[in-house]
Structures are given as C-alpha cells and as structure tokens.
>>> print(open('model_39.txt').read())   # compact mmCIF, C-alpha atoms
# COMPACT_ATOMS: atom_id res chain seq x y z
CA MET A 855 -17.70 4.57 -33.52
CA GLU A 856 -18.79 6.08 -36.80
CA ARG A 857 -17.82 9.70 -37.28
CA ALA A 858 -18.22 12.20 -40.08
CA TYR A 859 -14.46 12.77 -40.17
CA ARG A 860 -11.28 10.74 -40.39
CA ILE A 861 -9.10 9.80 -37.42
CA GLU A 862 -5.37 9.28 -37.77
CA TRP A 863 -3.48 7.42 -35.04
CA PHE A 864 0.20 7.92 -34.28
CA SER A 865 2.45 6.00 -31.95
CA LYS A 866 3.64 7.87 -28.87
CA PRO A 867 7.24 9.14 -29.13
CA LEU A 868 9.64 7.34 -26.83
CA SER A 869 11.32 10.57 -25.71
CA GLN A 870 9.34 13.47 -24.21
CA GLN A 871 11.98 15.98 -25.22
CA TRP A 872 13.32 14.60 -28.50
CA GLY A 873 10.10 13.07 -29.82
CA VAL A 874 8.68 16.47 -30.79
CA GLY A 875 10.19 16.20 -34.27
CA LYS A 876 8.06 13.12 -34.90
CA PHE A 877 4.90 15.07 -34.15
CA GLN A 878 6.04 17.90 -36.40
CA ARG A 879 6.73 15.56 -39.33
CA GLN A 880 3.35 13.88 -38.88
CA LEU A 881 1.57 17.24 -38.83
CA ARG A 882 3.28 18.31 -42.05
CA ARG A 883 2.25 15.08 -43.79
CA LEU A 884 -1.33 15.48 -42.59
CA HIS A 885 -1.43 19.07 -43.80
CA ASP A 886 -0.15 17.99 -47.21
CA ARG A 887 -3.08 15.56 -47.50
CA TRP A 888 -5.76 17.72 -45.83
CA PRO A 889 -4.89 21.42 -45.67
CA PHE A 890 -6.65 22.08 -42.38
CA GLU A 891 -7.01 25.67 -41.19
CA VAL A 892 -6.58 25.30 -37.41
CA ILE A 893 -4.70 22.92 -35.09
CA HIS A 894 -6.35 22.24 -31.73
CA THR A 895 -4.04 20.51 -29.25
CA PHE A 896 -4.97 19.26 -25.80
CA SER A 897 -1.71 19.86 -24.00
CA SER A 898 0.89 22.58 -24.16
CA TYR A 899 3.59 19.94 -24.45
CA PRO A 900 4.54 18.07 -26.53
CA THR A 901 1.64 18.55 -28.97
CA GLY A 902 1.19 22.30 -28.51
CA PHE A 903 4.89 22.94 -28.89
CA ALA A 904 5.01 20.77 -32.01
CA ALA A 905 2.13 22.73 -33.53
CA LEU A 906 4.12 25.99 -33.39
CA ASP A 907 6.24 24.58 -36.22
CA LEU A 908 3.27 24.52 -38.61
CA MET A 909 2.17 27.98 -37.49
CA TYR A 910 5.47 29.49 -38.60
CA GLU A 911 6.01 27.29 -41.63
CA ARG A 912 2.46 27.29 -43.07
CA SER A 913 0.51 29.94 -41.12
CA VAL A 914 -1.81 27.40 -39.45
CA PRO A 915 -2.92 28.88 -36.11
CA PRO A 916 -2.66 26.54 -33.09
CA VAL A 917 -5.15 26.50 -30.21
CA VAL A 918 -3.78 25.01 -26.99
CA THR A 919 -6.11 23.55 -24.35
CA SER A 920 -4.56 22.03 -21.25
CA GLN A 921 -6.54 19.47 -19.27
CA GLY A 922 -4.20 20.06 -16.34
CA GLY A 923 -1.39 17.53 -16.28
CA ASP A 924 1.12 19.72 -18.11
CA LEU A 925 0.44 22.99 -16.24
CA ALA A 926 -0.67 21.91 -12.76
CA VAL A 927 1.42 22.47 -9.67
CA GLY A 928 3.58 19.38 -9.25
CA SER A 929 3.36 18.34 -12.91
CA ARG A 930 5.85 15.84 -14.29
CA TYR A 931 7.51 18.67 -16.21
CA GLU A 932 8.23 21.06 -13.32
CA GLN A 933 11.66 19.60 -12.63
CA ARG A 934 12.68 19.64 -16.31
CA PRO A 935 13.83 23.20 -17.21
CA ALA A 936 14.19 22.51 -20.94
CA ILE A 937 10.60 21.30 -21.21
CA MET A 938 9.28 24.15 -19.04
CA ASP A 939 10.99 26.59 -21.40
CA ARG A 940 9.12 24.96 -24.29
CA ILE A 941 5.82 25.14 -22.40
CA ARG A 942 6.35 28.85 -21.72
CA ARG A 943 7.14 29.43 -25.38
CA THR A 944 3.99 27.53 -26.41
CA LEU A 945 1.75 29.56 -24.10
CA LEU A 946 3.30 32.79 -25.32
CA GLU A 947 3.32 32.08 -29.06
CA ALA A 948 0.16 30.01 -29.63
CA SER A 949 -2.63 31.80 -31.46
CA ALA A 950 -4.99 31.07 -28.57
CA VAL A 951 -4.77 29.34 -25.20
CA THR A 952 -8.07 28.17 -23.75
CA ALA A 953 -8.54 27.71 -20.00
CA ILE A 954 -11.09 25.07 -18.99
CA SER A 955 -11.38 26.44 -15.43
CA GLN A 956 -10.29 29.34 -13.28
CA TYR A 957 -7.53 27.14 -11.90
CA MET A 958 -6.15 26.48 -15.39
CA HIS A 959 -6.46 30.20 -16.24
CA GLU A 960 -4.37 31.06 -13.18
CA ARG A 961 -1.83 28.31 -13.88
CA ALA A 962 -1.28 29.49 -17.46
CA LEU A 963 -0.63 33.04 -16.22
CA ALA A 964 1.61 31.82 -13.40
CA ILE A 965 3.80 29.93 -15.86
CA GLU A 966 3.81 32.58 -18.59
CA PRO A 967 2.17 35.91 -17.63
CA ARG A 968 2.65 37.30 -21.13
CA CYS A 969 0.11 34.82 -22.57
CA ALA A 970 -2.78 36.93 -21.18
CA PRO A 971 -3.75 38.51 -24.55
CA GLN A 972 -4.48 35.13 -26.15
CA LEU A 973 -6.01 33.45 -23.08
CA VAL A 974 -9.69 32.53 -23.54
CA ASP A 975 -11.97 30.84 -20.98
CA ILE A 976 -13.86 27.89 -22.50
CA PRO A 977 -14.86 25.06 -20.15
CA ASN A 978 -15.15 21.35 -20.71
CA GLY A 979 -18.59 20.15 -21.71
CA VAL A 980 -20.91 17.14 -21.78
CA ASP A 981 -23.99 16.10 -23.73
CA VAL A 982 -26.57 17.09 -21.12
CA ALA A 983 -29.60 15.78 -23.04
CA ALA A 984 -28.06 12.34 -23.57
CA LEU A 985 -26.86 12.02 -19.99
CA SER A 986 -30.09 13.24 -18.40
CA ALA A 987 -32.34 10.94 -20.44
CA PRO A 988 -33.85 7.91 -18.65
CA VAL A 989 -31.65 4.83 -18.85
CA ALA A 990 -32.70 1.18 -18.99
CA GLU A 991 -31.41 -1.28 -16.43
CA PRO A 992 -28.12 -2.86 -17.62
CA VAL A 993 -29.22 -6.46 -17.03
CA GLU A 994 -25.87 -8.23 -17.40
CA PHE A 995 -24.08 -5.63 -15.33
CA LEU A 996 -26.61 -5.96 -12.50
CA LYS A 997 -26.28 -9.74 -12.56
CA GLN A 998 -22.62 -9.22 -11.67
CA HIS A 999 -23.47 -6.68 -8.93
CA PRO A 1000 -26.97 -7.53 -7.66
CA PHE A 1001 -26.61 -5.45 -4.48
CA LEU A 1002 -26.87 -2.29 -6.61
CA GLN A 1003 -30.59 -2.87 -7.11
CA THR A 1004 -31.42 -3.16 -3.42
CA ASN A 1005 -28.97 -0.93 -1.55
CA PRO A 1006 -28.48 2.85 -1.65
CA PHE A 1007 -24.91 3.72 -2.62
CA ILE A 1008 -22.43 6.58 -2.92
CA LEU A 1009 -20.48 6.59 -6.18
CA PHE A 1010 -16.86 7.35 -7.00
CA LEU A 1011 -16.14 7.14 -10.72
CA GLY A 1012 -12.65 7.63 -12.15
CA ARG A 1013 -9.06 6.44 -12.30
CA LEU A 1014 -7.64 4.71 -9.26
CA HIS A 1015 -4.77 7.15 -8.93
CA PRO A 1016 -3.17 8.70 -5.81
CA ARG A 1017 -4.20 12.20 -6.94
CA LYS A 1018 -7.87 11.22 -6.80
CA GLY A 1019 -7.90 10.74 -3.02
CA ILE A 1020 -9.81 7.44 -3.02
CA ASP A 1021 -7.91 6.25 0.06
CA VAL A 1022 -9.20 9.35 1.88
CA LEU A 1023 -12.72 8.47 0.71
CA VAL A 1024 -12.49 4.90 2.03
CA ARG A 1025 -11.31 6.15 5.43
CA ALA A 1026 -14.02 8.83 5.50
CA PHE A 1027 -16.72 6.31 4.65
CA ASP A 1028 -15.42 4.09 7.44
CA GLN A 1029 -16.19 6.92 9.87
CA VAL A 1030 -19.84 7.31 8.82
CA ALA A 1031 -20.73 3.75 7.79
CA GLU A 1032 -21.89 2.53 11.18
CA GLU A 1033 -24.49 5.28 11.51
CA HIS A 1034 -25.85 4.57 8.01
CA ALA A 1035 -25.96 0.79 7.95
CA GLY A 1036 -27.80 0.40 4.66
CA VAL A 1037 -25.55 2.65 2.55
CA ARG A 1038 -22.69 1.29 0.44
CA LEU A 1039 -19.70 2.87 -1.28
CA VAL A 1040 -19.14 1.95 -4.93
CA ILE A 1041 -15.72 2.67 -6.45
CA ALA A 1042 -15.86 2.32 -10.24
CA GLY A 1043 -12.60 2.54 -12.18
CA GLN A 1044 -9.23 0.96 -12.83
CA GLY A 1045 -5.72 2.12 -12.07
CA ARG A 1046 -2.46 1.60 -10.29
CA GLU A 1047 -3.96 1.98 -6.80
CA ARG A 1048 -6.24 -1.05 -7.13
CA GLU A 1049 -4.10 -3.37 -5.03
CA MET A 1050 -3.48 -0.79 -2.32
CA LEU A 1051 -7.19 0.05 -2.15
CA GLU A 1052 -8.14 -3.61 -1.89
CA GLY A 1053 -5.86 -3.85 1.16
CA LEU A 1054 -7.34 -0.68 2.66
CA VAL A 1055 -10.89 -1.93 2.12
CA GLY A 1056 -9.98 -5.32 3.61
CA ALA A 1057 -8.87 -3.59 6.81
CA SER A 1058 -12.02 -1.44 7.03
CA ALA A 1059 -14.80 -2.19 9.51
CA ALA A 1060 -17.18 -1.51 6.60
CA ARG A 1061 -15.36 -3.88 4.23
CA ASP A 1062 -18.56 -5.71 3.25
CA ARG A 1063 -20.14 -2.45 2.08
CA ILE A 1064 -17.26 -1.03 -0.01
CA HIS A 1065 -17.17 -2.36 -3.57
CA LEU A 1066 -14.38 -2.00 -6.13
CA ILE A 1067 -16.25 -2.90 -9.31
CA GLY A 1068 -13.65 -2.03 -11.98
CA ALA A 1069 -14.14 0.11 -15.07
CA VAL A 1070 -17.66 0.85 -16.27
CA HIS A 1071 -18.82 2.29 -19.58
CA GLY A 1072 -21.91 3.13 -21.57
CA GLU A 1073 -25.32 2.32 -20.15
CA ALA A 1074 -23.89 0.79 -16.96
CA LYS A 1075 -22.03 4.02 -16.24
CA ARG A 1076 -25.10 6.15 -16.88
CA TRP A 1077 -27.24 3.85 -14.72
CA LEU A 1078 -24.80 4.20 -11.82
CA LEU A 1079 -24.78 7.98 -12.17
CA HIS A 1080 -28.58 8.10 -12.13
CA ARG A 1081 -29.08 5.64 -9.27
CA ALA A 1082 -26.42 6.80 -6.79
CA LEU A 1083 -27.42 8.81 -3.74
CA PHE A 1084 -24.76 11.27 -4.85
CA VAL A 1085 -21.33 11.32 -6.50
CA THR A 1086 -18.08 12.11 -4.74
CA ALA A 1087 -14.88 13.64 -6.12
CA PRO A 1088 -12.33 13.54 -3.25
CA THR A 1089 -9.32 14.77 -5.25
CA ARG A 1090 -6.33 15.66 -3.06
CA THR A 1091 -4.21 17.84 -5.38
CA TRP A 1092 -5.44 19.34 -8.66
CA GLU A 1093 -8.18 19.02 -11.25
CA GLY A 1094 -8.44 20.88 -14.54
CA MET A 1095 -12.21 20.50 -14.86
CA PRO A 1096 -13.32 16.96 -13.98
CA VAL A 1097 -15.68 15.53 -16.58
CA VAL A 1098 -17.14 13.10 -14.04
CA VAL A 1099 -18.49 16.06 -12.04
CA LEU A 1100 -20.07 17.47 -15.20
CA GLU A 1101 -21.54 14.04 -16.00
CA ALA A 1102 -22.90 13.65 -12.48
CA MET A 1103 -24.61 17.04 -12.58
CA ALA A 1104 -26.04 16.31 -16.03
CA CYS A 1105 -27.61 13.20 -14.47
CA GLY A 1106 -29.11 15.39 -11.76
CA GLN A 1107 -26.67 14.35 -9.05
CA PRO A 1108 -25.21 16.60 -6.36
CA VAL A 1109 -21.49 16.15 -5.69
CA VAL A 1110 -19.39 15.95 -2.55
CA GLY A 1111 -16.07 17.34 -3.78
CA THR A 1112 -12.91 18.89 -2.45
CA ARG A 1113 -11.75 22.49 -2.69
CA VAL A 1114 -9.20 21.94 -5.46
CA GLY A 1115 -8.71 23.11 -9.04
CA GLY A 1116 -11.70 23.11 -11.36
CA ILE A 1117 -13.96 21.35 -8.86
CA VAL A 1118 -14.69 24.70 -7.20
CA ASP A 1119 -15.81 26.12 -10.56
CA LEU A 1120 -18.58 23.52 -10.60
CA VAL A 1121 -19.47 22.60 -7.02
CA HIS A 1122 -20.88 25.40 -4.87
CA ASP A 1123 -21.37 24.38 -1.26
CA GLY A 1124 -25.05 24.41 -0.34
CA ARG A 1125 -26.23 25.13 -3.89
CA ASP A 1126 -25.42 22.03 -5.95
CA GLY A 1127 -23.12 20.03 -3.71
CA VAL A 1128 -20.93 19.96 -0.63
CA LEU A 1129 -17.25 20.93 -0.45
CA ALA A 1130 -14.65 19.39 1.86
CA GLU A 1131 -10.98 20.14 2.45
CA PRO A 1132 -8.59 18.08 0.33
CA ASP A 1133 -6.67 15.18 1.87
CA ASP A 1134 -8.70 15.57 5.08
CA VAL A 1135 -10.54 12.46 6.25
CA ALA A 1136 -12.58 14.24 8.94
CA SER A 1137 -13.68 17.02 6.58
CA LEU A 1138 -14.72 14.56 3.87
CA ALA A 1139 -16.52 12.36 6.44
CA ALA A 1140 -18.47 15.44 7.56
CA GLY A 1141 -19.45 16.12 3.95
CA LEU A 1142 -20.60 12.53 3.44
CA GLN A 1143 -22.53 12.63 6.71
CA ARG A 1144 -24.21 15.88 5.77
CA MET A 1145 -25.38 14.47 2.45
CA ILE A 1146 -26.33 10.93 3.49
CA GLY A 1147 -28.35 12.05 6.48
CA ASP A 1148 -30.50 14.66 4.75
CA PRO A 1149 -32.65 13.48 1.80
CA ALA A 1150 -34.28 16.92 1.52
CA LEU A 1151 -30.85 18.51 1.14
CA ARG A 1152 -29.91 15.99 -1.55
CA GLU A 1153 -33.06 16.85 -3.50
CA GLN A 1154 -32.41 20.58 -3.15
CA LEU A 1155 -28.80 20.21 -4.30
CA ALA A 1156 -29.89 17.96 -7.18
CA ARG A 1157 -32.10 20.79 -8.47
CA GLY A 1158 -29.13 23.12 -8.14
CA ALA A 1159 -26.91 20.69 -10.07
CA ARG A 1160 -29.37 20.66 -12.98
CA GLU A 1161 -29.18 24.45 -13.10
CA THR A 1162 -25.39 24.58 -12.77
CA ILE A 1163 -24.80 22.19 -15.67
CA ALA A 1164 -26.75 24.20 -18.28
CA PRO A 1165 -23.84 26.34 -19.60
CA TYR A 1166 -21.61 23.26 -19.88
CA ASP A 1167 -23.72 21.56 -22.54
CA TRP A 1168 -21.59 20.52 -25.51
CA ARG A 1169 -23.71 22.52 -27.92
CA ILE A 1170 -22.86 25.71 -26.06
CA VAL A 1171 -19.20 24.82 -25.50
CA ALA A 1172 -18.70 23.68 -29.10
CA GLU A 1173 -20.09 26.96 -30.42
CA GLN A 1174 -17.56 28.87 -28.31
CA TYR A 1175 -14.76 26.85 -29.90
CA LEU A 1176 -16.18 27.29 -33.39
CA ASP A 1177 -16.42 31.03 -32.84
CA LEU A 1178 -12.77 31.07 -31.75
CA PHE A 1179 -11.70 29.00 -34.78
CA ARG A 1180 -13.57 31.32 -37.15
CA LYS A 1181 -11.85 34.37 -35.68
CA LEU A 1182 -8.42 32.75 -36.01
CA VAL A 1183 -9.01 31.71 -39.61
CA ALA A 1184 -10.27 35.20 -40.44
CA ARG A 1185 -7.25 36.67 -38.59
CA GLU A 1186 -9.56 38.55 -36.24
CA PRO A 1187 -8.42 39.42 -32.71
CA VAL A 1188 -9.01 36.75 -30.08
CA PRO A 1189 -11.58 38.05 -27.54
CA LEU A 1190 -10.12 38.78 -24.12
CA THR A 1191 -11.76 37.12 -21.10
>>> encode(input="model_39.txt", output="structure tokens")
Amino acid sequence: MERAYRIEWFSKPLSQQWGVGKFQRQLRRLHDRWPFEVIHTFSSYPTGFAALDLMYERSVPPVVTSQGGDLAVGSRYEQRPAIMDRIRRTLLEASAVTAISQYMHERALAIEPRCAPQLVDIPNGVDVAALSAPVAEPVEFLKQHPFLQTNPFILFLGRLHPRKGIDVLVRAFDQVAEEHAGVRLVIAGQGREREMLEGLVGASAARDRIHLIGAVHGEAKRWLLHRALFVTAPTRTWEGMPVVVLEAMACGQPVVGTRVGGIVDLVHDGRDGVLAEPDDVASLAAGLQRMIGDPALREQLARGARETIAPYDWRIVAEQYLDLFRKLVAREPVPLT
C-alpha cells in the first residue's frame, strides 16, 4: 500500500520482559532521524512502557491505547507481577491513556486507579463511506464458494480463537438449523481452532450448511458483509472494541453479539442488534432464531445499525486523536472524560 509517510519494521523481541530495551533503542534511533513530537502506542506493554523512556529523556509525550489483550481480565500478563508493575507504571505516567470502550476504561482504572486524570475515551473507527458503498461481485471468490450466491447465510468474521466463541456459535446454529432449512452459517477466518471446529462441524446435523471458508480480504470481505442476513459476534470472554462489529454496522448489518466488553458499547438489543449471554448455547440460539425468523426486525435493526455507526467514522475518530496530539504538543491539559 502506498502511504504518505514512512513505515519502519522491527523484529519482535524474544523476551517479553527483557526485550523492552530493544524497543527503547529503536525509538531513540528513529527520533534521531525524525524528531517526532508524539509517540502513539497500541498496548501498555511492552511498547507503552518502552515509550516512557523517550518521554523522560527527550520530552516526547506518549499516548497509550490498549486494544484489550494487555489489560483484559485473564490477560497473559496477569500472572506476571513484574510485568503488571510495568503496566501500572505505564498507565500512571503516560501523557494520555485512551480507552476504546467503556470496558477498557474500567479495566484501566481497575489496574491503576490513579491514571484517571489522563484517561480519555476515544473509540475505534472505520471508513464508513468506503464500507457502505456498493460492492461488485468478487467473481473468482464466488467460483470457489458458489452457494453464497443462492443461499441466505449468517456470517462470522474473525480469528478462529477460543475467546471468540465460534464453537458456541456452531452448537447454537445446530439448534435452529432444522427450522430454517435454507439458511447457512459461514465462518470466515483462520486460526488455531480450525481443526477443532472442523471436527465439531463434522459431528453437526447441519454439517452440510456450515462452511469454514478461511481468511477473506478486500472486496470478498465487503461482499460477504453486505450480503449476509446478519453478522454474529459470539465472543465468550472479552472484547476491547471489535472492528468487525463496526465494519458490519457500516455495511448496514445488524449484529447478534454477546454481552461482553466493547460489544455492549456498540450493540443495543432491539435497536441495532440482538444480545445473548456469553458462552451460552441456548441464549445464542434464541438470538439467532429471533433474527432469522423476522425479516422486518432485521430491516429495523439494520436502520439502527446505520445510525449507531455514525460517530465511529474514521474522520471523526481521527480528529479526536489529532486534537489530543495537539494538546500534548502544546503542553495543554488533557481533557477529562
């Protein structure tokens, strides 16, 4: 992709705890070449912690945005006291900490309550105009999956990871499939659960109507988002603010999601989607049933989704970040939220 700015790639440190020095050295070298005014990191650790070094050494303010994995309940760092101490220090000392959802706001405060003065709510965003625009049929993609042109389908889009609850989705679909014989379930994505899910699908009574189609990108992804009956996000544990839900709503799709993390910031039951309890097959099956069986409801929720997505357009979100950066560079107080 062509961009108006340069991208520098660095290899990942082998050690989570001792690799921080590598990040710090790389940041110093970058600042020597391009004296940037702000550092924006997308995790509190290790990148956010490494950025504190440049703040103290060269007065470059760091902004820390967590997408969830470092701060969520059950994160890989929770059982590592030394790293948790560094995360707390990062949240406390960073020039600004942005929370992409209410869940992430609460998690930041739970880990380090004293970070409240520099905590700012700025959500994730998507390019609403690009996503909502009509999309041409992806001819080669549809040759591989011809059933997509003739059968209504529910769409899951994301990593095949235990946290995403795809096994719960397969079992829930199994409960409603017989009543809705023409509807299929499309699972688009790659990940470590692929083999397990293939076994689960093979044992399902609806096995011929559940399709694991692998990763999708570009026009094929947009086409799926536009053509699905609706999108489902059956996450069982946490979400920061799932981009796939934002993308679905930008495409005018209602969402059947679970009551976890940032999903509840976006999906409002009866307004732009349906909410189910996490890790609960019966609850998710009821949500699927409610949506599949009522075309008028789907249309009503689709209108709601188009309204919900408006404040999450990248142009609006980007301006919030730019305003924050300007205040930090000018040494103005960070606005409280």
>>> closest_atom_pairs(input="model_39.txt", of="segment 1137-1187 of chain A", to="segment 888-912 of chain A", cutoff="12 Å", atoms="only C-alpha atoms", output="CSV")
residue,atom,partner,partner_atom,distance
A:Tyr1175,CA,A:His894,CA,9.8
A:Leu1176,CA,A:Val892,CA,10.6
A:Leu1178,CA,A:Val892,CA,10.2
A:Phe1179,CA,A:Val892,CA,6.8
A:Arg1180,CA,A:Val892,CA,9.2
A:Lys1181,CA,A:Val892,CA,10.6
A:Leu1182,CA,A:Val892,CA,7.8
A:Val1183,CA,A:Glu891,CA,6.6
A:Ala1184,CA,A:Glu891,CA,10.1
A:Arg1185,CA,A:Glu891,CA,11.3
>>> atom_distance(input="model_39.txt", atom1="atom CA of Thr1004 of chain A", atom2="atom CA of Val1055 of chain A")
21.3 Å
>>> closest_residue(input="model_39.txt", among="A:Ala1069, A:Ala1035, A:Ala1164, A:Ala1159", to="Arg1048 of chain A", atoms="all atoms listed in the file")
A:Ala1069
>>> closest_residue(input="model_39.txt", among="A:Glu1052, A:Glu1101, A:Asp1119, A:Asp975", to="Arg1076 of chain A", atoms="all atoms listed in the file")
A:Glu1101
>>> residues_around(input="model_39.txt", residues="segment 918-922 of chain A", least_positions_apart="5", cutoff="10 Å", atoms="all atoms listed in the file", output="short mmCIF file (atom, residue, chain, number, x, y, z; two decimals) with C-alpha atoms, in the frame of the given file")
data_model
loop_
_atom_site.label_atom_id
_atom_site.label_comp_id
_atom_site.auth_asym_id
_atom_site.auth_seq_id
_atom_site.Cartn_x
_atom_site.Cartn_y
_atom_site.Cartn_z
CA ILE A 893 -4.70 22.92 -35.09
CA HIS A 894 -6.35 22.24 -31.73
CA THR A 895 -4.04 20.51 -29.25
CA PHE A 896 -4.97 19.26 -25.80
CA SER A 897 -1.71 19.86 -24.00
CA SER A 898 0.89 22.58 -24.16
CA TYR A 899 3.59 19.94 -24.45
CA THR A 901 1.64 18.55 -28.97
CA GLY A 902 1.19 22.30 -28.51
CA PHE A 903 4.89 22.94 -28.89
CA ALA A 905 2.13 22.73 -33.53
CA VAL A 927 1.42 22.47 -9.67
CA SER A 929 3.36 18.34 -12.91
CA THR A 944 3.99 27.53 -26.41
CA LEU A 945 1.75 29.56 -24.10
CA ALA A 948 0.16 30.01 -29.63
CA SER A 949 -2.63 31.80 -31.46
CA ALA A 950 -4.99 31.07 -28.57
CA VAL A 951 -4.77 29.34 -25.20
CA THR A 952 -8.07 28.17 -23.75
CA ALA A 953 -8.54 27.71 -20.00
CA ILE A 954 -11.09 25.07 -18.99
CA SER A 955 -11.38 26.44 -15.43
CA TYR A 957 -7.53 27.14 -11.90
CA MET A 958 -6.15 26.48 -15.39
CA HIS A 959 -6.46 30.20 -16.24
CA ARG A 961 -1.83 28.31 -13.88
CA ALA A 962 -1.28 29.49 -17.46
CA LEU A 973 -6.01 33.45 -23.08
CA VAL A 974 -9.69 32.53 -23.54
CA ASP A 975 -11.97 30.84 -20.98
CA ILE A 976 -13.86 27.89 -22.50
CA PRO A 977 -14.86 25.06 -20.15
CA ASN A 978 -15.15 21.35 -20.71
CA TRP A 1092 -5.44 19.34 -8.66
CA GLU A 1093 -8.18 19.02 -11.25
CA GLY A 1094 -8.44 20.88 -14.54
CA MET A 1095 -12.21 20.50 -14.86
CA PRO A 1096 -13.32 16.96 -13.98
CA GLY A 1115 -8.71 23.11 -9.04
CA GLY A 1116 -11.70 23.11 -11.36
#
>>> closest_residue(input="model_39.txt", among="A:Ala1082, A:Val1024, A:Leu1100, A:Val917", to="Tyr1166 of chain A", atoms="only C-alpha atoms")
A:Leu1100
>>> residues_near_point(input="model_39.txt", point="(-24.2, -3.7, 0.0)", cutoff="10 Å", atoms="all atoms listed in the file", output="list of chain:residue names")
A:His999, A:Pro1000, A:Phe1001, A:Leu1002, A:Gln1003, A:Thr1004, A:Asn1005, A:Pro1006, A:Phe1007, A:Ala1035, A:Gly1036, A:Val1037, A:Arg1038, A:Leu1039, A:Val1040, A:Ala1060, A:Arg1061, A:Asp1062, A:Arg1063, A:Ile1064, A:His1065
>>> atom_distance(input="model_39.txt", atom1="atom CA of Thr1089 of chain A", atom2="atom CA of Pro1016 of chain A")
8.7 Å
>>> atom_distance(input="model_39.txt", atom1="atom CA of Leu884 of chain A", atom2="atom CA of Leu868 of chain A")
20.9 Å
>>> closest_residue(input="model_39.txt", among="A:Ser1058, A:Ser986, A:Gln880, A:Gln1044", to="Leu1079 of chain A", atoms="only C-alpha atoms")
A:Ser986
>>> residues_near_point(input="model_39.txt", point="(-32.2, 8.9, 2.3)", cutoff="10 Å", atoms="all atoms listed in the file", output="VMD selection string")
chain A and resid 1006 1034 1036 to 1037 1083 1145 to 1153
>>> build_atoms(input="model_39.txt", residues="segment 855-872 of chain A", atoms="N, CA and C atoms", output="PDB file, keeping the file's coordinate frame")
ATOM      1  N   MET A 855     -16.696   3.511 -33.365  1.00  0.00           N
ATOM      2  CA  MET A 855     -17.700   4.570 -33.520  1.00  0.00           C
ATOM      3  C   MET A 855     -17.612   5.178 -34.909  1.00  0.00           C
ATOM      4  N   GLU A 856     -18.779   5.441 -35.496  1.00  0.00           N
ATOM      5  CA  GLU A 856     -18.790   6.080 -36.800  1.00  0.00           C
ATOM      6  C   GLU A 856     -18.790   7.589 -36.617  1.00  0.00           C
ATOM      7  N   ARG A 857     -17.908   8.243 -37.349  1.00  0.00           N
ATOM      8  CA  ARG A 857     -17.820   9.700 -37.280  1.00  0.00           C
ATOM      9  C   ARG A 857     -17.845  10.271 -38.691  1.00  0.00           C
ATOM     10  N   ALA A 858     -18.143  11.541 -38.770  1.00  0.00           N
ATOM     11  CA  ALA A 858     -18.220  12.200 -40.080  1.00  0.00           C
ATOM     12  C   ALA A 858     -16.855  12.712 -40.519  1.00  0.00           C
ATOM     13  N   TYR A 859     -15.807  12.286 -39.850  1.00  0.00           N
ATOM     14  CA  TYR A 859     -14.460  12.770 -40.170  1.00  0.00           C
ATOM     15  C   TYR A 859     -13.475  11.620 -39.941  1.00  0.00           C
ATOM     16  N   ARG A 860     -12.308  11.781 -40.461  1.00  0.00           N
ATOM     17  CA  ARG A 860     -11.280  10.740 -40.390  1.00  0.00           C
ATOM     18  C   ARG A 860     -10.434  10.914 -39.127  1.00  0.00           C
ATOM     19  N   ILE A 861      -9.998   9.793 -38.564  1.00  0.00           N
ATOM     20  CA  ILE A 861      -9.100   9.800 -37.420  1.00  0.00           C
ATOM     21  C   ILE A 861      -7.785   9.157 -37.828  1.00  0.00           C
ATOM     22  N   GLU A 862      -6.702   9.823 -37.513  1.00  0.00           N
ATOM     23  CA  GLU A 862      -5.370   9.280 -37.770  1.00  0.00           C
ATOM     24  C   GLU A 862      -4.697   8.988 -36.437  1.00  0.00           C
ATOM     25  N   TRP A 863      -4.154   7.800 -36.273  1.00  0.00           N
ATOM     26  CA  TRP A 863      -3.480   7.420 -35.040  1.00  0.00           C
ATOM     27  C   TRP A 863      -1.967   7.423 -35.236  1.00  0.00           C
ATOM     28  N   PHE A 864      -1.261   7.919 -34.240  1.00  0.00           N
ATOM     29  CA  PHE A 864       0.200   7.920 -34.280  1.00  0.00           C
ATOM     30  C   PHE A 864       0.737   7.304 -33.006  1.00  0.00           C
ATOM     31  N   SER A 865       1.836   6.595 -33.139  1.00  0.00           N
ATOM     32  CA  SER A 865       2.450   6.000 -31.950  1.00  0.00           C
ATOM     33  C   SER A 865       3.077   7.106 -31.106  1.00  0.00           C
ATOM     34  N   LYS A 866       3.109   6.885 -29.795  1.00  0.00           N
ATOM     35  CA  LYS A 866       3.640   7.870 -28.870  1.00  0.00           C
ATOM     36  C   LYS A 866       5.167   7.899 -28.974  1.00  0.00           C
ATOM     37  N   PRO A 867       5.771   9.074 -29.087  1.00  0.00           N
ATOM     38  CA  PRO A 867       7.240   9.140 -29.130  1.00  0.00           C
ATOM     39  C   PRO A 867       7.847   8.586 -27.849  1.00  0.00           C
ATOM     40  N   LEU A 868       8.988   7.944 -27.983  1.00  0.00           N
ATOM     41  CA  LEU A 868       9.640   7.340 -26.830  1.00  0.00           C
ATOM     42  C   LEU A 868      10.264   8.396 -25.912  1.00  0.00           C
ATOM     43  N   SER A 869      10.687   9.509 -26.490  1.00  0.00           N
ATOM     44  CA  SER A 869      11.320  10.570 -25.710  1.00  0.00           C
ATOM     45  C   SER A 869      10.399  11.770 -25.612  1.00  0.00           C
ATOM     46  N   GLN A 870      10.174  12.283 -24.382  1.00  0.00           N
ATOM     47  CA  GLN A 870       9.340  13.470 -24.210  1.00  0.00           C
ATOM     48  C   GLN A 870       9.990  14.700 -24.819  1.00  0.00           C
ATOM     49  N   GLN A 871      11.312  14.769 -24.746  1.00  0.00           N
ATOM     50  CA  GLN A 871      11.980  15.980 -25.220  1.00  0.00           C
ATOM     51  C   GLN A 871      12.357  15.898 -26.691  1.00  0.00           C
ATOM     52  N   TRP A 872      12.814  14.712 -27.129  1.00  0.00           N
ATOM     53  CA  TRP A 872      13.320  14.600 -28.500  1.00  0.00           C
ATOM     54  C   TRP A 872      12.285  14.031 -29.467  1.00  0.00           C
TER      55      TRP A 872
END
